[in-house]
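Engineer: Quick one: structure below, then a few questions.
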Amino acid sequence: LIPKYKRKKSHKQKKLDDDDEPIPMTPSKPFNIETIGDELFRDVARFLRTLPPKSKQSIWGHAVKRKGSDGKKVVCDETHKENHVVKLLCDCVIVYVKFKYTETDILSTKKVTPYCKEAGAYIHSKYPPLEKDKFENEKAYLTEMLEDYVESKQ
């Protein structure tokens, strides 16, 4: 969903001489969704500003779907129900954690959903349906909604 900025070390990497000290790798701090609280949404909002439209398109396409008349899933142009907003937030959180906390296992939607329900309900009730085009192309579209949610909690 997002471009890879870090490359894995090549197996052809130069071997250390006997007197060379290995350079310690500083792993990213561990992520714990149970303890991070609503600040997570502020961090996700900042992160979304940096994502390119193609990455946002992938997130939207995974999150905002409904069954068509032929039984196949169809990507919607706007959110139709609260669950769409919750799923969109879940996918944004999962991509953020995958990018920011590289040492953390990838989170499942099932694990993230309970932490996104309240924010999803807030955004769904306060704002008109979210629009695919605006989500993908306007940097501040969902970010301002998330920041508004965090402010409302303080």
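Each chain in the structure tokens gets a letter, A, B, ..., in the order shown, and its residues are numbered from 1; ligands are numbered from 1 in order too.
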Neighbours of A:Gln57 within 10 Å (only C-alpha atoms; same-chain residues fewer than 5 positions away dropped), as number ranges by chain?

Structural biologist: A: 1, 52, 62-63, 132-133, 135-137

Engineer: Do a neighbour search on A:Val93 at 8 Å with only C-alpha atoms, toss out local chain neighbours closer than 4 positions, and write the hits as a list of chain:residue names.

Structural biologist: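 Residues near the query, excluding close chain neighbours: A:Leu40, A:Phe41, A:Val44, A:Leu89, A:Val97, A:Val112.
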
Engineer: Next, write the just-selected residues to a file, as a PDB file, in the first residue's frame, keeping N, CA and C atoms as the atom set.

Structural biologist:
ATOM      1  N   LEU A  40      -3.027   8.173  18.772  1.00  0.00           N
ATOM      2  CA  LEU A  40      -2.826   7.383  17.561  1.00  0.00           C
ATOM      3  C   LEU A  40      -3.473   8.073  16.367  1.00  0.00           C
ATOM      4  N   PHE A  41      -4.655   8.622  16.558  1.00  0.00           N
ATOM      5  CA  PHE A  41      -5.362   9.257  15.442  1.00  0.00           C
ATOM      6  C   PHE A  41      -4.694  10.559  15.009  1.00  0.00           C
ATOM      7  N   VAL A  44      -1.799   9.280  12.950  1.00  0.00           N
ATOM      8  CA  VAL A  44      -2.289   8.788  11.661  1.00  0.00           C
ATOM      9  C   VAL A  44      -2.654   9.969  10.761  1.00  0.00           C
ATOM     10  N   LEU A  89     -10.696   3.842   8.663  1.00  0.00           N
ATOM     11  CA  LEU A  89      -9.779   4.205   9.751  1.00  0.00           C
ATOM     12  C   LEU A  89      -8.892   3.025  10.142  1.00  0.00           C
ATOM     13  N   VAL A  97       0.982   1.853  11.159  1.00  0.00           N
ATOM     14  CA  VAL A  97       1.778   1.018  12.058  1.00  0.00           C
ATOM     15  C   VAL A  97       2.796   0.203  11.266  1.00  0.00           C
ATOM     16  N   VAL A 112      -7.783  -4.123  15.357  1.00  0.00           N
ATOM     17  CA  VAL A 112      -7.800  -2.662  15.320  1.00  0.00           C
ATOM     18  C   VAL A 112      -9.222  -2.091  15.403  1.00  0.00           C
TER      19      VAL A 112
END

Engineer: DSSP on the backbone: which residues in chain A end up as strand (DSSP E)? Give the answer as a PyMOL selection string.

Structural biologist: chain A and resi 65-67+73-75

Engineer: Of the candidates A:Cys116, A:Lys111, A:Val64, A:Lys100, which shows the shortest atom-to-atom distance to A:His80, using only C-alpha atoms?

Structural biologist: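 Residue with the minimum atom-to-atom distance to A:His80: A:Val64.
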
Engineer: List as a ChimeraX atom specification the protein and nucleic acid residues near A:Thr79, meaning an atom at most 12 Å away when only C-alpha atoms are counted, but skip any in the same chain fewer than 2 places from it.

Structural biologist: /A:60-61,63-66,75-77,81-89,120,123-125,127-135

Engineer: Env of A:Thr50: 12 Å cut, atoms = only C-alpha atoms, seq-sep filter 5 positions within chain, self excluded. Answer as a list in words.

Structural biologist: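 After dropping sequence-adjacent residues, the list is Ile2, Pro3, Asp43, Val44, Ala45, Ser55, Lys56, Tyr96, Phe99, Glu136, Asn137, Glu138, Lys139, Ala140 and Thr143 of chain A.
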
Engineer: Let's see if you can do this: from backbone DSSP, list all alpha helix (DSSP H) residues in chain A, as a PyMOL selection string.

Structural biologist: chain A and resi 33-36+39-50+53-63+82-100+109-126+132-137+141-152
